[in-house]
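Participant: What follows is structure-v5.cif, made up of mmCIF, C-alpha atoms:
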data_structure
#
loop_
_atom_site.label_atom_id
_atom_site.label_comp_id
_atom_site.auth_asym_id
_atom_site.auth_seq_id
_atom_site.Cartn_x
_atom_site.Cartn_y
_atom_site.Cartn_z
CA MET L 1 -23.94 19.34 67.09
CA ASN L 2 -24.78 22.99 67.60
CA ASP L 3 -27.15 25.03 65.40
CA GLN L 4 -24.35 26.31 63.17
CA GLN L 5 -23.12 22.79 62.52
CA LEU L 6 -26.63 21.54 61.80
CA LEU L 7 -26.91 24.28 59.18
CA ARG L 8 -23.43 23.84 57.73
CA TYR L 9 -23.81 20.09 57.28
CA SER L 10 -27.56 20.06 56.59
CA ARG L 11 -27.22 18.69 53.04
CA HIS L 12 -25.29 15.70 54.37
CA ILE L 13 -27.69 15.18 57.24
CA LEU L 14 -30.58 15.00 54.78
CA LEU L 15 -29.02 11.96 53.13
CA ASN L 16 -30.26 8.61 54.42
CA GLN L 17 -26.73 7.21 54.05
CA VAL L 18 -25.28 9.92 56.33
CA GLY L 19 -27.81 11.49 58.69
CA ILE L 20 -26.89 13.03 62.04
CA GLU L 21 -25.10 9.89 63.20
CA GLY L 22 -22.89 9.77 60.13
CA GLN L 23 -22.08 13.45 60.35
CA GLN L 24 -21.14 13.07 64.00
CA ARG L 25 -18.77 10.27 63.00
CA LEU L 26 -17.09 12.63 60.54
CA LEU L 27 -16.76 15.33 63.18
CA ALA L 28 -15.05 12.84 65.49
CA SER L 29 -12.73 11.43 62.80
CA HIS L 30 -9.07 11.98 61.93
CA ALA L 31 -7.82 11.77 58.35
CA LEU L 32 -4.19 11.74 57.22
CA ILE L 33 -3.42 13.16 53.76
CA ILE L 34 0.01 12.37 52.35
CA GLY L 35 0.84 14.84 49.61
CA LEU L 36 -0.70 18.29 49.10
CA GLY L 37 -0.38 18.40 45.33
CA GLY L 38 -2.93 17.82 42.58
CA LEU L 39 -4.67 14.93 44.34
CA GLY L 40 -4.32 16.09 47.92
CA SER L 41 -5.72 19.55 47.12
CA PRO L 42 -9.32 18.58 46.28
CA ALA L 43 -9.23 15.67 48.70
CA ALA L 44 -8.34 17.95 51.62
CA MET L 45 -10.85 20.61 50.62
CA TYR L 46 -13.75 18.15 50.45
CA LEU L 47 -12.81 16.48 53.72
CA ALA L 48 -12.67 19.85 55.43
CA SER L 49 -15.92 21.11 53.92
CA SER L 50 -17.58 17.84 54.93
CA GLY L 51 -16.59 18.30 58.55
CA VAL L 52 -13.88 15.74 59.18
CA GLY L 53 -12.84 16.92 62.62
CA ARG L 54 -9.08 16.58 62.34
CA ILE L 55 -6.92 16.49 59.21
CA THR L 56 -3.17 15.94 59.28
CA LEU L 57 -1.42 17.35 56.22
CA CYS L 58 1.92 15.79 55.33
CA ASP L 59 4.20 17.21 52.61
CA ASP L 60 7.79 18.46 52.61
CA ASP L 61 7.52 20.63 49.48
CA THR L 62 6.93 24.34 48.92
CA VAL L 63 4.45 25.95 46.54
CA ASP L 64 5.84 26.60 43.06
CA LEU L 65 4.24 28.68 40.32
CA SER L 66 4.00 25.57 38.12
CA ASN L 67 1.86 23.88 40.80
CA LEU L 68 -1.00 26.33 40.43
CA GLN L 69 -2.23 24.82 37.13
CA ARG L 70 -3.75 21.92 39.09
CA GLN L 71 -3.03 22.18 42.84
CA ILE L 72 -6.13 24.20 43.63
CA ILE L 73 -5.63 24.42 47.38
CA HIS L 74 -2.71 26.81 46.84
CA ARG L 75 -2.78 30.44 45.73
CA THR L 76 -0.47 32.77 43.80
CA ALA L 77 0.16 34.64 47.05
CA THR L 78 1.48 31.45 48.71
CA VAL L 79 4.17 30.67 46.11
CA GLY L 80 7.34 29.90 48.07
CA GLN L 81 5.48 28.89 51.22
CA PRO L 82 5.40 25.33 52.59
CA LYS L 83 2.51 23.48 50.98
CA VAL L 84 1.18 22.32 54.34
CA LEU L 85 0.87 25.91 55.59
CA SER L 86 -0.66 27.13 52.34
CA ALA L 87 -3.16 24.27 52.48
CA LYS L 88 -3.96 24.88 56.14
CA ALA L 89 -4.84 28.51 55.40
CA THR L 90 -7.21 27.51 52.60
CA LEU L 91 -8.89 24.83 54.71
CA HIS L 92 -9.36 27.30 57.57
CA ASP L 93 -11.15 29.64 55.17
CA ILE L 94 -13.40 26.78 54.04
CA ASN L 95 -14.17 25.45 57.51
CA PRO L 96 -12.54 27.03 60.58
CA GLU L 97 -14.00 24.31 62.82
CA VAL L 98 -11.68 21.67 61.37
CA GLU L 99 -8.37 21.14 63.17
CA CYS L 100 -5.60 21.04 60.57
CA ILE L 101 -2.20 19.72 61.61
CA PRO L 102 0.60 20.68 59.18
CA MET L 103 3.58 18.33 59.04
CA GLN L 104 6.30 19.67 56.75
CA LEU L 105 8.40 16.55 56.45
CA ARG L 106 9.24 13.66 54.19
CA ALA L 107 6.93 10.71 54.74
CA ASP L 108 9.51 8.01 55.44
CA GLU L 109 8.50 4.78 57.11
CA ALA L 110 9.49 5.84 60.64
CA THR L 111 7.42 9.01 60.33
CA LEU L 112 4.51 7.15 58.80
CA ILE L 113 4.35 4.71 61.70
CA LYS L 114 3.66 7.61 64.07
CA LEU L 115 1.26 9.52 61.80
CA ILE L 116 -0.81 6.58 60.64
CA ALA L 117 -1.26 5.29 64.19
CA GLN L 118 -3.27 8.43 65.00
CA ALA L 119 -5.47 8.39 61.88
CA ASP L 120 -8.81 6.74 61.15
CA VAL L 121 -8.25 6.80 57.39
CA VAL L 122 -5.21 7.47 55.19
CA LEU L 123 -5.28 9.13 51.77
CA ASP L 124 -2.20 8.43 49.65
CA CYS L 125 -1.97 11.45 47.36
CA CYS L 126 1.79 11.29 46.82
CA ASP L 127 3.65 11.12 43.51
CA ASN L 128 6.25 8.39 43.97
CA PHE L 129 6.35 4.62 44.36
CA ALA L 130 8.68 4.57 47.36
CA THR L 131 6.20 6.50 49.51
CA ARG L 132 3.23 4.50 48.20
CA TYR L 133 4.88 1.21 49.14
CA ALA L 134 5.83 2.54 52.58
CA VAL L 135 2.31 3.84 53.23
CA ASN L 136 0.87 0.49 52.15
CA ARG L 137 3.13 -1.47 54.52
CA VAL L 138 2.39 0.71 57.54
CA CYS L 139 -1.37 0.84 56.92
CA LEU L 140 -1.38 -2.95 56.63
CA ALA L 141 0.62 -3.39 59.83
CA GLN L 142 -1.69 -1.02 61.74
CA LYS L 143 -4.92 -2.21 60.05
CA LYS L 144 -5.86 1.26 58.84
CA PRO L 145 -7.98 1.82 55.70
CA LEU L 146 -6.06 3.31 52.78
CA VAL L 147 -7.41 5.26 49.82
CA SER L 148 -4.83 5.29 47.04
CA GLY L 149 -4.93 7.56 43.99
CA ALA L 150 -2.62 8.40 41.11
CA ALA L 151 -2.77 10.50 37.94
CA ILE L 152 -0.36 11.26 35.11
CA LEU L 153 -0.75 12.57 31.57
CA THR L 154 -4.49 12.04 30.89
CA HIS L 155 -5.04 8.83 32.90
CA GLY L 156 -5.83 8.27 36.56
CA GLN L 157 -6.68 5.47 38.95
CA ILE L 158 -8.07 4.98 42.44
CA SER L 159 -8.51 2.02 44.78
CA VAL L 160 -9.37 1.32 48.41
CA PHE L 161 -7.51 -1.11 50.65
CA ASP L 162 -9.35 -1.64 53.92
CA PHE L 163 -6.89 -3.49 56.14
CA ARG L 164 -9.48 -3.87 58.86
CA ARG L 165 -10.64 -6.77 56.70
CA GLU L 166 -8.55 -9.89 56.35
CA ASP L 167 -9.58 -10.39 52.72
CA SER L 168 -8.42 -6.98 51.53
CA PRO L 169 -5.69 -6.91 48.87
CA CYS L 170 -2.89 -4.39 49.26
CA TYR L 171 -1.14 -1.95 46.92
CA ASN L 172 1.68 -4.45 46.41
CA CYS L 173 -0.86 -6.99 45.13
CA LEU L 174 -1.70 -4.48 42.43
CA PHE L 175 1.77 -3.14 41.61
CA SER L 176 4.49 -5.36 42.97
CA GLU L 177 7.56 -3.63 44.30
CA ASP L 178 9.59 -6.15 42.29
CA SER L 179 8.00 -5.12 38.99
CA GLU L 180 10.28 -2.11 38.51
CA ALA L 181 7.46 -0.17 36.86
CA GLU L 182 8.50 3.07 35.20
CA GLU L 183 7.86 6.07 37.43
CA LEU L 184 6.50 9.08 35.56
CA ARG L 185 6.49 12.58 37.04
CA CYS L 186 4.25 15.52 36.19
CA ALA L 187 7.31 17.76 36.00
CA THR L 188 8.65 15.85 33.00
CA THR L 189 5.54 14.33 31.38
CA GLY L 190 2.71 16.70 32.27
CA VAL L 191 -0.80 16.06 33.58
CA PHE L 192 -4.27 17.27 32.59
CA ALA L 193 -5.37 19.63 35.35
CA PRO L 194 -9.01 18.53 35.86
CA LEU L 195 -7.95 14.87 35.98
CA VAL L 196 -6.25 15.24 39.37
CA GLY L 197 -9.36 17.05 40.59
CA ILE L 198 -11.52 14.10 39.54
CA ILE L 199 -9.29 11.52 41.24
CA GLY L 200 -8.73 13.63 44.35
CA ALA L 201 -12.46 14.24 44.78
CA MET L 202 -13.06 10.51 44.41
CA GLN L 203 -10.47 9.85 47.11
CA ALA L 204 -12.34 12.22 49.42
CA ALA L 205 -15.61 10.44 48.64
CA GLU L 206 -14.14 7.02 49.42
CA ALA L 207 -12.56 8.30 52.64
CA LEU L 208 -15.83 9.84 53.80
CA LYS L 209 -17.70 6.59 53.12
CA LEU L 210 -15.14 4.63 55.12
CA LEU L 211 -15.44 7.03 58.05
CA ILE L 212 -19.24 7.00 57.97
CA GLY L 213 -19.38 3.23 57.62
CA MET L 214 -20.92 2.91 54.17
CA GLU L 215 -20.38 -0.57 52.74
CA GLU L 216 -20.47 0.43 49.09
CA GLY L 217 -17.23 1.65 47.59
CA LEU L 218 -14.05 0.72 45.79
CA LEU L 219 -12.80 -1.89 48.26
CA GLY L 220 -11.31 -4.68 46.18
CA LYS L 221 -11.76 -2.59 43.03
CA LEU L 222 -9.49 -0.58 40.77
CA LEU L 223 -11.09 2.28 38.88
CA PHE L 224 -9.29 3.60 35.78
CA VAL L 225 -10.22 7.04 34.42
CA ASN L 226 -9.38 8.25 30.91
CA ALA L 227 -9.84 12.01 30.85
CA VAL L 228 -9.71 12.21 27.05
CA ASP L 229 -12.75 10.10 26.19
CA MET L 230 -14.12 10.19 29.77
CA SER L 231 -14.24 6.42 30.04
CA PHE L 232 -14.31 4.72 33.43
CA ILE L 233 -13.22 1.10 33.74
CA ARG L 234 -13.65 -0.76 37.04
CA SER L 235 -11.78 -3.99 37.63
CA ASP L 236 -11.91 -6.45 40.51
CA LEU L 237 -8.84 -6.84 42.71
CA CYS L 238 -8.05 -10.02 44.58
CA LYS L 239 -5.61 -10.63 47.39
CA ASP L 240 -2.44 -12.14 45.90
CA PRO L 241 -1.56 -15.30 47.86
CA THR L 242 2.10 -14.83 46.85
CA CYS L 243 2.24 -11.14 47.82
CA LYS L 244 5.44 -10.37 49.72
CA VAL L 245 3.66 -7.76 51.84
CA CYS L 246 0.19 -9.12 52.74
CA GLY L 247 0.63 -12.80 51.80
CA PRO L 248 0.91 -15.70 54.29
CA THR L 249 4.73 -15.39 54.34
CA PRO L 250 5.50 -11.67 53.98
CA THR L 251 9.11 -10.71 53.35
CA ARG L 252 8.67 -6.94 53.52
#
Transcribe the structure of this file into structure tokens.
Facilitator:
Amino acid sequence: MNDQQLLRYSRHILLNQVGIEGQQRLLASHALIIGLGGLGSPAAMYLASSGVGRITLCDDDTVDLSNLQRQIIHRTATVGQPKVLSAKATLHDINPEVECIPMQLRADEATLIKLIAQADVVLDCCDNFATRYAVNRVCLAQKKPLVSGAAILTHGQISVFDFRREDSPCYNCLFSEDSEAEELRCATTGVFAPLVGIIGAMQAAEALKLLIGMEEGLLGKLLFVNAVDMSFIRSDLCKDPTCKVCGPTPTR
């Protein structure tokens, strides 16, 4: 690291859990963020400010005025622009040393296979089950760690699935694709703005710990957040032996 980097990241370097070695790992790392909305906004900003060397931004949407209530990476001046370009501009202002790769496209499974292969960690910040299930399958197949977050109304959740470990559960263990769970959207139900900031910042924290090599985290855990009474409930997750994705006889 040069003198400017030592100064920029000095508060990380002072931490025993990070140090120079950990910061160098971040500088050499590549994160993939899927979705540049309420969750992806703070997640991307903290990864960039922390010095993750390369960040791929994947989203096919454009900035809408209604996004600005919670999607803090975007600005009024970027309404109508692709979210990935709006986000890239903000991240460059935060940390011009970070290489941001904008991918304005729908994250289907074929696309995800290519993008995830290049990443060291994947942050699922999307807003639909179809993408979440696809991301889960590809991360499992390629043994890439996945940080999954979701938020709607006044409730949020976050979990980590580290597929580098054989004992890691997967997203399908938690919410089976066969369950036909109701899919709620912010556009029709609403969401409390700071809640997505809380979950997105937590996703960044978990991703950074995975990249640095910290053992402590939410692997095998599910953290629920209630933004009304500010309660946090953490539950253990176990690998489902009958899971159709990560079980002994996968069918998906």
Participant: Name the residues captured by the PyMOL selection byres ((chain L and resi 156-166) around 9) when it is applied to the shown file; answer as a count of residues only.
Facilitator: 44
Participant: What does the distance between atom CA of L:Arg234 and atom CA of L:Phe175 come to in Å, to one decimal place?
Facilitator: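 Atom CA of L:Phe175 lies 16.3 Å from atom CA of L:Arg234.
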Participant: Any idea what the distance is between atom CA of L:Leu211 and atom CA of L:Pro42?
Facilitator: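 Between atom CA of L:Leu211 and atom CA of L:Pro42 the gap is 17.6 Å.
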Participant: Counting only C-alpha atoms, which of L:Leu68, L:Met45, L:Cys173, L:Ala134 gets nearest to L:Val98?
Facilitator: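 Of the candidates, the smallest distance to L:Val98 is held by L:Met45.
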Participant: Return the single residue from L:Ser50, L:Thr56, L:Thr189, L:Ser29 that is closest to L:Asn95, with distances computed using all atoms listed in the file.
Facilitator: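 Nearest candidate to L:Asn95 out of L:Ser50, L:Thr56, L:Thr189, L:Ser29: L:Ser50.
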Participant: I'd like the contact shell of L:Gln69 - 10 Å cut-off, all atoms listed in the file, skipping same-chain residues fewer than 5 positions apart - returned as a PyMOL selection string.
Facilitator: chain L and resi 38+74+191-194
Participant: Since I can't run it myself right now, could you work out what the PyMOL selection byres ((chain L and resi 85) around 12) selects here and report it as a ChimeraX atom specification?
Facilitator: /L:36,56-63,73-75,78-84,86-92,100-104
Participant: Expand the PyMOL selection byres ((chain L and resi 23) around 8) into the individual residues it matches in the shown file, reporting them as a list in words.
Facilitator: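 So the PyMOL selection byres ((chain L and resi 23) around 8) ends up selecting Tyr9, His12, Ile13, Val18, Gly19, Ile20, Glu21, Gly22, Gln24, Arg25, Leu26, Leu27, Gly51 and Ile212 of chain L.
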Participant: Next, dump the selected residues to file, keeping only C-alpha atoms, as a PDB file, in the frame of the given file.
Facilitator:
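Generated file (again_10.pdb):
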ATOM      1  CA  TYR L   9     -23.810  20.090  57.280  1.00  0.00           C
ATOM      2  CA  HIS L  12     -25.290  15.700  54.370  1.00  0.00           C
ATOM      3  CA  ILE L  13     -27.690  15.180  57.240  1.00  0.00           C
ATOM      4  CA  VAL L  18     -25.280   9.920  56.330  1.00  0.00           C
ATOM      5  CA  GLY L  19     -27.810  11.490  58.690  1.00  0.00           C
ATOM      6  CA  ILE L  20     -26.890  13.030  62.040  1.00  0.00           C
ATOM      7  CA  GLU L  21     -25.100   9.890  63.200  1.00  0.00           C
ATOM      8  CA  GLY L  22     -22.890   9.770  60.130  1.00  0.00           C
ATOM      9  CA  GLN L  24     -21.140  13.070  64.000  1.00  0.00           C
ATOM     10  CA  ARG L  25     -18.770  10.270  63.000  1.00  0.00           C
ATOM     11  CA  LEU L  26     -17.090  12.630  60.540  1.00  0.00           C
ATOM     12  CA  LEU L  27     -16.760  15.330  63.180  1.00  0.00           C
ATOM     13  CA  GLY L  51     -16.590  18.300  58.550  1.00  0.00           C
ATOM     14  CA  ILE L 212     -19.240   7.000  57.970  1.00  0.00           C
TER      15      ILE L 212
END
Participant: What's the 8 Å shell around L:Ile33, counting only C-alpha atoms, without same-chain residues fewer than 6 positions away, as a VMD selection string?
Facilitator: chain L and resid 40 44 55 to 58 122 to 125
Participant: Looking at only C-alpha atoms, which of L:Pro241, L:Gly190, L:Gly53, L:Pro248 is the one that sits closest to L:Arg70?
Facilitator: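 Result for the nearest residue to L:Arg70: L:Gly190.
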